[in-house]
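*Asks:* This is final03.txt (compact mmCIF, C-alpha atoms and all ligand atoms).
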```txt
# COMPACT_ATOMS: atom_id res chain seq x y z
CA MET U 1 -148.54 -76.09 -33.03
CA PRO U 2 -148.20 -77.94 -36.39
CA VAL U 3 -149.30 -81.62 -36.44
CA SER U 4 -145.76 -82.81 -37.35
CA THR U 5 -144.33 -81.06 -34.25
CA ARG U 6 -147.02 -82.64 -32.07
CA HIS U 7 -146.12 -86.05 -33.52
CA ALA U 8 -142.43 -85.40 -32.81
CA ILE U 9 -143.20 -84.50 -29.17
CA VAL U 10 -145.28 -87.67 -28.72
CA ALA U 11 -142.40 -89.67 -30.31
CA ILE U 12 -139.90 -88.06 -27.87
CA ILE U 13 -142.09 -88.94 -24.86
CA VAL U 14 -142.66 -92.53 -26.06
CA LEU U 15 -138.94 -93.04 -26.88
CA SER U 16 -137.84 -91.63 -23.50
CA VAL U 17 -140.26 -93.86 -21.58
CA VAL U 18 -139.29 -96.95 -23.62
CA ILE U 19 -135.51 -96.35 -23.20
CA ASN U 20 -135.80 -95.70 -19.44
CA ALA U 21 -138.18 -98.65 -18.88
CA PHE U 22 -135.84 -100.95 -20.83
CA LEU U 23 -132.80 -99.78 -18.78
CA PHE U 24 -134.76 -100.29 -15.55
CA TRP U 25 -135.59 -103.86 -16.59
CA LEU U 26 -132.00 -104.49 -17.73
CA ILE U 27 -130.46 -103.27 -14.46
CA TYR U 28 -132.95 -104.62 -11.92
CA PHE U 29 -134.66 -107.65 -13.49
CA HIS U 30 -132.46 -109.06 -16.26
CA THR U 31 -130.68 -112.22 -15.17
CA GLY U 32 -128.23 -114.34 -17.14
CA GLY U 33 -125.60 -111.63 -17.23
CA ALA U 34 -123.11 -113.69 -15.24
CA ASP U 35 -119.90 -113.87 -17.25
CA PRO U 36 -118.27 -117.32 -16.83
CA GLN U 37 -114.91 -115.96 -18.01
CA GLU U 38 -114.30 -113.18 -15.48
CA GLY U 39 -112.68 -110.08 -17.01
CA ARG U 40 -113.50 -110.97 -20.63
CA PHE U 41 -115.63 -107.83 -21.09
CA ALA U 42 -113.58 -105.52 -18.83
CA TRP U 43 -112.68 -103.32 -21.83
CA ILE U 44 -116.32 -102.34 -22.47
CA PRO U 45 -116.74 -100.07 -19.38
CA ALA U 46 -113.45 -98.34 -20.28
CA MET U 47 -114.76 -97.74 -23.82
CA ASN U 48 -118.09 -96.48 -22.39
CA ALA U 49 -116.28 -94.08 -20.05
CA GLY U 50 -114.37 -92.85 -23.14
CA PHE U 51 -117.70 -92.12 -24.89
CA ASN U 52 -118.90 -90.21 -21.81
CA ALA U 53 -115.67 -88.20 -21.70
CA LEU U 54 -116.00 -87.43 -25.45
CA SER U 55 -119.60 -86.37 -24.92
CA ALA U 56 -118.57 -83.96 -22.14
CA ILE U 57 -115.82 -82.49 -24.35
CA PHE U 58 -118.27 -81.98 -27.27
CA VAL U 59 -120.92 -80.38 -25.00
CA VAL U 60 -118.38 -77.90 -23.57
CA SER U 61 -116.98 -77.17 -27.07
CA GLY U 62 -120.55 -76.59 -28.37
CA LEU U 63 -121.18 -74.15 -25.56
CA VAL U 64 -117.93 -72.27 -26.19
CA PHE U 65 -118.80 -72.04 -29.93
CA ILE U 66 -122.35 -70.69 -29.40
CA HIS U 67 -121.08 -68.11 -26.92
CA SER U 68 -118.61 -66.88 -29.53
CA GLY U 69 -121.39 -66.71 -32.16
CA ARG U 70 -120.21 -69.70 -34.23
CA ARG U 71 -123.58 -71.39 -34.78
CA ARG U 72 -122.50 -73.93 -37.43
CA GLU U 73 -119.68 -75.26 -35.24
CA HIS U 74 -122.03 -75.26 -32.24
CA GLY U 75 -124.58 -77.43 -34.10
CA LEU U 76 -121.84 -79.80 -35.26
CA MET U 77 -120.40 -80.20 -31.74
CA MET U 78 -123.86 -80.89 -30.27
CA LEU U 79 -124.55 -83.53 -32.94
CA CYS U 80 -121.16 -85.14 -32.16
CA ALA U 81 -122.08 -85.12 -28.43
CA THR U 82 -125.39 -86.83 -29.31
CA VAL U 83 -123.54 -89.56 -31.29
CA ALA U 84 -121.04 -90.06 -28.41
CA SER U 85 -123.89 -90.36 -25.86
CA ALA U 86 -125.83 -92.77 -28.13
CA ALA U 87 -122.64 -94.88 -28.48
CA PHE U 88 -122.30 -94.87 -24.68
CA LEU U 89 -125.92 -96.04 -24.31
CA ALA U 90 -125.35 -98.88 -26.81
CA GLY U 91 -122.14 -99.95 -25.01
CA TYR U 92 -123.87 -99.76 -21.64
CA ILE U 93 -126.72 -102.01 -22.83
CA VAL U 94 -124.26 -104.52 -24.36
CA TYR U 95 -122.15 -104.65 -21.16
CA HIS U 96 -125.14 -105.07 -18.85
CA SER U 97 -126.63 -107.78 -21.08
CA LEU U 98 -123.36 -109.76 -21.19
CA HIS U 99 -121.85 -109.11 -17.76
CA GLY U 100 -124.54 -107.81 -15.40
CA ASP U 101 -124.04 -105.37 -12.56
CA THR U 102 -120.69 -104.53 -10.90
CA PRO U 103 -121.15 -104.25 -7.11
CA PHE U 104 -119.21 -101.57 -5.19
CA LEU U 105 -117.51 -103.40 -2.32
CA ALA U 106 -115.43 -100.69 -0.65
CA GLY U 107 -116.35 -99.52 2.84
CA GLY U 108 -115.66 -96.29 4.76
CA TRP U 109 -116.07 -92.69 3.60
CA ILE U 110 -115.72 -93.57 -0.10
CA ARG U 111 -119.00 -95.54 -0.03
CA PRO U 112 -121.44 -92.62 0.56
CA VAL U 113 -119.43 -90.51 -1.89
CA TYR U 114 -119.74 -93.21 -4.57
CA PHE U 115 -123.47 -93.77 -4.01
CA THR U 116 -124.22 -90.02 -3.98
CA ILE U 117 -122.51 -89.73 -7.37
CA LEU U 118 -124.21 -92.91 -8.68
CA ILE U 119 -127.75 -91.98 -7.54
CA THR U 120 -127.58 -88.39 -8.84
CA HIS U 121 -126.08 -89.77 -12.08
CA ILE U 122 -129.06 -92.16 -12.50
CA VAL U 123 -131.70 -89.50 -11.65
CA PHE U 124 -130.28 -86.98 -14.14
CA SER U 125 -129.69 -89.64 -16.83
CA ILE U 126 -133.47 -90.32 -16.80
CA LEU U 127 -134.04 -86.66 -17.67
CA VAL U 128 -131.27 -86.33 -20.25
CA VAL U 129 -132.97 -88.34 -23.04
CA PRO U 130 -136.14 -86.19 -23.39
CA LEU U 131 -134.11 -82.99 -22.81
CA VAL U 132 -131.58 -83.75 -25.58
CA LEU U 133 -134.26 -84.89 -28.04
CA SER U 134 -136.44 -81.79 -27.36
CA THR U 135 -133.47 -79.44 -27.77
CA LEU U 136 -132.55 -81.15 -31.06
CA LEU U 137 -136.18 -80.98 -32.22
CA CYS U 138 -136.29 -77.22 -31.60
CA ALA U 139 -133.03 -76.81 -33.55
CA ALA U 140 -134.36 -78.96 -36.42
CA THR U 141 -137.57 -76.89 -36.59
CA ARG U 142 -135.66 -73.60 -36.16
CA ARG U 143 -137.54 -72.52 -33.05
CA TRP U 144 -134.52 -70.80 -31.57
CA GLN U 145 -136.22 -69.11 -28.64
CA GLN U 146 -137.51 -72.48 -27.38
CA HIS U 147 -134.18 -74.09 -28.28
CA ARG U 148 -132.36 -71.65 -26.02
CA ALA U 149 -134.93 -72.01 -23.22
CA ILE U 150 -134.76 -75.85 -23.10
CA ALA U 151 -131.00 -75.94 -23.78
CA ARG U 152 -130.35 -73.97 -20.55
CA TRP U 153 -131.48 -77.13 -18.72
CA THR U 154 -130.16 -79.65 -21.23
CA TYR U 155 -126.51 -78.71 -21.24
CA PRO U 156 -125.85 -78.69 -17.43
CA VAL U 157 -127.80 -81.94 -16.97
CA TRP U 158 -126.01 -83.56 -19.93
CA LEU U 159 -122.60 -82.39 -18.72
CA TYR U 160 -123.31 -83.67 -15.21
CA VAL U 161 -124.40 -87.10 -16.51
CA SER U 162 -121.34 -87.41 -18.80
CA VAL U 163 -118.80 -86.34 -16.15
CA THR U 164 -120.34 -88.47 -13.37
CA GLY U 165 -120.44 -91.42 -15.83
CA VAL U 166 -116.64 -91.18 -16.03
CA LEU U 167 -116.39 -90.77 -12.23
CA VAL U 168 -118.51 -93.90 -11.57
CA PHE U 169 -116.18 -95.87 -13.87
CA LEU U 170 -113.06 -94.51 -12.10
CA PHE U 171 -114.50 -95.29 -8.63
CA LEU U 172 -115.28 -98.87 -9.70
CA ARG U 173 -111.77 -99.33 -11.13
CA LEU U 174 -109.72 -97.53 -8.47
CA PHE U 175 -111.55 -97.96 -5.15
CA ASN U 176 -113.58 -101.16 -5.55
CA VAL U 177 -111.82 -103.20 -2.86
CA ASP U 178 -113.79 -105.36 -0.40
CA ALA U 179 -113.12 -103.88 3.07
CA GLY U 180 -113.88 -107.23 4.77
CA ALA U 181 -111.66 -109.34 2.45
C1 LIG H 1 -129.09 -81.10 -27.56
C2 LIG H 1 -128.20 -80.41 -28.21
C3 LIG H 1 -128.01 -78.91 -28.05
C4 LIG H 1 -127.80 -78.15 -26.92
C5 LIG H 1 -127.71 -78.64 -25.47
C6 LIG H 1 -127.67 -76.78 -27.34
C7 LIG H 1 -127.41 -75.70 -26.50
C8 LIG H 1 -127.59 -74.37 -26.86
C9 LIG H 1 -127.55 -73.26 -25.96
C10 LIG H 1 -127.26 -73.34 -24.46
C11 LIG H 1 -127.80 -72.14 -26.68
C12 LIG H 1 -127.95 -70.71 -26.16
C13 LIG H 1 -126.72 -70.01 -25.75
C14 LIG H 1 -127.13 -68.70 -25.08
O1 LIG H 1 -127.72 -67.86 -25.76
O2 LIG H 1 -126.86 -68.55 -23.90
C15 LIG H 1 -127.99 -72.54 -28.06
C16 LIG H 1 -128.25 -71.69 -29.09
C17 LIG H 1 -128.27 -72.07 -30.41
N1 LIG H 1 -128.15 -73.35 -30.90
FE1 LIG H 1 -127.99 -75.02 -29.81
N2 LIG H 1 -127.81 -76.72 -28.72
C18 LIG H 1 -127.99 -78.02 -29.18
C19 LIG H 1 -128.13 -78.42 -30.50
C20 LIG H 1 -128.10 -77.56 -31.58
C21 LIG H 1 -128.11 -77.97 -32.95
C22 LIG H 1 -128.11 -79.42 -33.44
C23 LIG H 1 -128.09 -76.83 -33.69
C24 LIG H 1 -128.03 -76.60 -35.18
C25 LIG H 1 -128.11 -77.50 -36.10
C26 LIG H 1 -128.08 -75.70 -32.79
C27 LIG H 1 -128.08 -74.36 -33.14
C28 LIG H 1 -128.19 -73.29 -32.27
C29 LIG H 1 -128.35 -71.90 -32.69
C30 LIG H 1 -128.43 -71.42 -34.12
C31 LIG H 1 -128.41 -71.15 -31.51
C32 LIG H 1 -128.59 -69.65 -31.40
C33 LIG H 1 -130.06 -69.37 -31.31
C34 LIG H 1 -130.33 -67.89 -31.17
O3 LIG H 1 -129.81 -67.28 -30.26
O4 LIG H 1 -131.08 -67.39 -31.99
N3 LIG H 1 -128.07 -76.19 -31.50
N4 LIG H 1 -127.86 -73.91 -28.12
```
Show this structure as structure tokens.
Ligand code: HEM
*Replies:*
Amino acid sequence: MPVSTRHAIVAIIVLSVVINAFLFWLIYFHTGGADPQEGRFAWIPAMNAGFNALSAIFVVSGLVFIHSGRRREHGLMMLCATVASAAFLAGYIVYHSLHGDTPFLAGGWIRPVYFTILITHIVFSILVVPLVLSTLLCAATRRWQQHRAIARWTYPVWLYVSVTGVLVFLFLRLFNVDAGA
């Protein structure tokens, strides 16, 4: 393995750990996210859900293109999906820094459904960063066999994270009513 590739793999591991550790701190330990003007930042989650939806559309388009042999268009779609997911991550960090967490208050059957979606979304989103970066690295270094092998895991995980990101937003907007209120 060339030294530059080894450096890139170390960089991917370090970046993935740093991003996930920072998000863990932001979600579970960061305080001071209480917004005094309730609703002021309500547009940010909607924008973030839009980025997730775009990402899902680009991933599916990229897949359709590669299966019809259109490699250039496939590469372009996957780069667009990466930009959409990076924009989502930036928006997510901004919203959590300014507003903090949004609790899910609804009771009944919708509660386990929501938390199943949320927990699987979080678990797979931890994996998606190193998967996407490794798949891109293999494309950049033209190691197509490895690209295909890693991509078989990357695209379903990425699609799941993007789609469930939109679902979490919709659940919080449509069903987040306090059962005891
Ligand atoms: C993380 C982003 C990416 C994912 C998830 C992804 C996904 C895939 C998948 C699933 C395949 C194999 C399809 C199959 O044979 O069943 C594939 C093949 C391919 N991808 Fe990507 N891709 C990504 C990024 C890129 C980029 C940025 C480029 C080009 C600049 C690219 C170029 C190619 C090429 C040329 C092939 C065909 C390789 C071969 O069969 O020899 N991909 N990709």
*Asks:* Can you list, as a PyMOL selection string, every protein, DNA or RNA residue that comes within 8 Å of range 56-68 of chain U when you count only C-alpha atoms, leaving out same-chain residues fewer than 4 positions away?
*Replies:* chain U and resi 52+73-78+80-81+155+158-159+162-163
*Asks:* Show me which residues line ligand LIG 1 (chain H), defined as having an atom within 6 Å of a ligand atom where only C-alpha atoms and all ligand atoms count, and present them as a ChimeraX atom specification.
*Replies:* /U:66,71,75,78-79,132,135-136,139,144,148,151-152,154-155
*Asks:* What gap, in Å, lies between CA of Tyr92 in chain U and CA of Ile44 in chain U?
*Replies:*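 We find that CA of Tyr92 in chain U and CA of Ile44 in chain U lie 8.0 Å from each other.
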*Asks:* Enter the distance from CA of Val168 in chain U to CA of Phe115 in chain U, in Å, rounded to one decimal.
*Replies:*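 One can read the CA of Val168 in chain U to CA of Phe115 in chain U distance as 9.0 Å.
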*Asks:* Compute the distance from (-125.5, -99.0, -23.6) to each atom, counting all atoms listed in the file, keep the residues with any atom at most 12 Å away, and return them as a count of residues only; use the coordinates of the file.
*Replies:* 29
*Asks:* Which of these, U:Leu105, U:Ala21, U:Leu137, U:Ile110, has the shortest distance to Ala8 in chain U once you count all atoms listed in the file?
*Replies:*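 Among the listed residues, the smallest separation from Ala8 in chain U belongs to U:Leu137.
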*Asks:* Restricting the calculation to only C-alpha atoms: of U:Val83, U:Phe175, U:Ile9, U:Val17, which residue gets closest to Cys138 in chain U?
*Replies:*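 Among the listed residues, U:Ile9 lies closest to Cys138 in chain U.
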*Asks:* Between U:Phe124, U:Trp43, U:Trp153, U:Tyr114, which one has atoms that come closest to His99 in chain U, using all atoms listed in the file?
*Replies:*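 That would be U:Trp43, the residue with the smallest distance to His99 in chain U.
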*Asks:* Using all atoms listed in the file, which of the listed residues (U:Thr141, U:His147, U:Val161, U:Ile117) sits closest to Ser4 in chain U?
*Replies:*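 Checking each of U:Thr141, U:His147, U:Val161, U:Ile117 against Ser4 in chain U, counting all atoms listed in the file, the winner is U:Thr141.
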*Asks:* Counting only C-alpha atoms, which residue out of U:Leu170, U:Asp101, U:Ala11, U:Leu54 sits closest to Thr31 in chain U?
*Replies:*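 Closest candidate: U:Asp101.
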*Asks:* Can you tell me how far CA of Tyr160 in chain U sits from CA of Thr120 in chain U, in Å to one decimal?
*Replies:*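 Distance between the two atoms: 9.0 Å.
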*Asks:* Just add N, CA and C atoms to range 14-33 of chain U and send it as a tab-separated table (two decimals), in the coordinates of the input.
*Replies:*
```tsv
chain	number	residue	atom	x	y	z
U	14	VAL	N	-142.60	-91.06	-25.97
U	14	VAL	CA	-142.66	-92.53	-26.06
U	14	VAL	C	-141.24	-93.11	-26.02
U	15	LEU	N	-140.33	-92.54	-26.82
U	15	LEU	CA	-138.94	-93.04	-26.88
U	15	LEU	C	-138.25	-92.94	-25.52
U	16	SER	N	-138.47	-91.82	-24.81
U	16	SER	CA	-137.84	-91.63	-23.50
U	16	SER	C	-138.35	-92.66	-22.50
U	17	VAL	N	-139.68	-92.88	-22.51
U	17	VAL	CA	-140.26	-93.86	-21.58
U	17	VAL	C	-139.75	-95.26	-21.91
U	18	VAL	N	-139.72	-95.60	-23.22
U	18	VAL	CA	-139.29	-96.95	-23.62
U	18	VAL	C	-137.82	-97.18	-23.23
U	19	ILE	N	-136.94	-96.20	-23.52
U	19	ILE	CA	-135.51	-96.35	-23.20
U	19	ILE	C	-135.33	-96.52	-21.69
U	20	ASN	N	-135.99	-95.64	-20.90
U	20	ASN	CA	-135.80	-95.70	-19.44
U	20	ASN	C	-136.40	-96.98	-18.86
U	21	ALA	N	-137.56	-97.41	-19.37
U	21	ALA	CA	-138.18	-98.65	-18.88
U	21	ALA	C	-137.30	-99.85	-19.22
U	22	PHE	N	-136.73	-99.85	-20.43
U	22	PHE	CA	-135.84	-100.95	-20.83
U	22	PHE	C	-134.60	-101.00	-19.93
U	23	LEU	N	-134.00	-99.82	-19.64
U	23	LEU	CA	-132.80	-99.78	-18.78
U	23	LEU	C	-133.15	-100.25	-17.37
U	24	PHE	N	-134.32	-99.87	-16.88
U	24	PHE	CA	-134.76	-100.29	-15.55
U	24	PHE	C	-134.87	-101.82	-15.49
U	25	TRP	N	-135.48	-102.39	-16.53
U	25	TRP	CA	-135.59	-103.86	-16.59
U	25	TRP	C	-134.20	-104.50	-16.66
U	26	LEU	N	-133.34	-103.93	-17.51
U	26	LEU	CA	-132.00	-104.49	-17.73
U	26	LEU	C	-131.19	-104.50	-16.42
U	27	ILE	N	-131.28	-103.40	-15.66
U	27	ILE	CA	-130.46	-103.27	-14.46
U	27	ILE	C	-131.05	-104.08	-13.30
U	28	TYR	N	-132.37	-104.03	-13.13
U	28	TYR	CA	-132.95	-104.62	-11.92
U	28	TYR	C	-133.59	-105.99	-12.11
U	29	PHE	N	-133.93	-106.39	-13.32
U	29	PHE	CA	-134.66	-107.65	-13.49
U	29	PHE	C	-133.97	-108.65	-14.42
U	30	HIS	N	-133.10	-108.16	-15.31
U	30	HIS	CA	-132.46	-109.06	-16.26
U	30	HIS	C	-131.48	-109.98	-15.53
U	31	THR	N	-131.65	-111.28	-15.75
U	31	THR	CA	-130.68	-112.22	-15.17
U	31	THR	C	-129.94	-112.87	-16.35
U	32	GLY	N	-128.95	-113.68	-16.06
U	32	GLY	CA	-128.23	-114.34	-17.14
U	32	GLY	C	-127.07	-113.50	-17.63
U	33	GLY	N	-126.73	-112.46	-16.85
U	33	GLY	CA	-125.60	-111.63	-17.23
U	33	GLY	C	-124.30	-112.05	-16.56
```
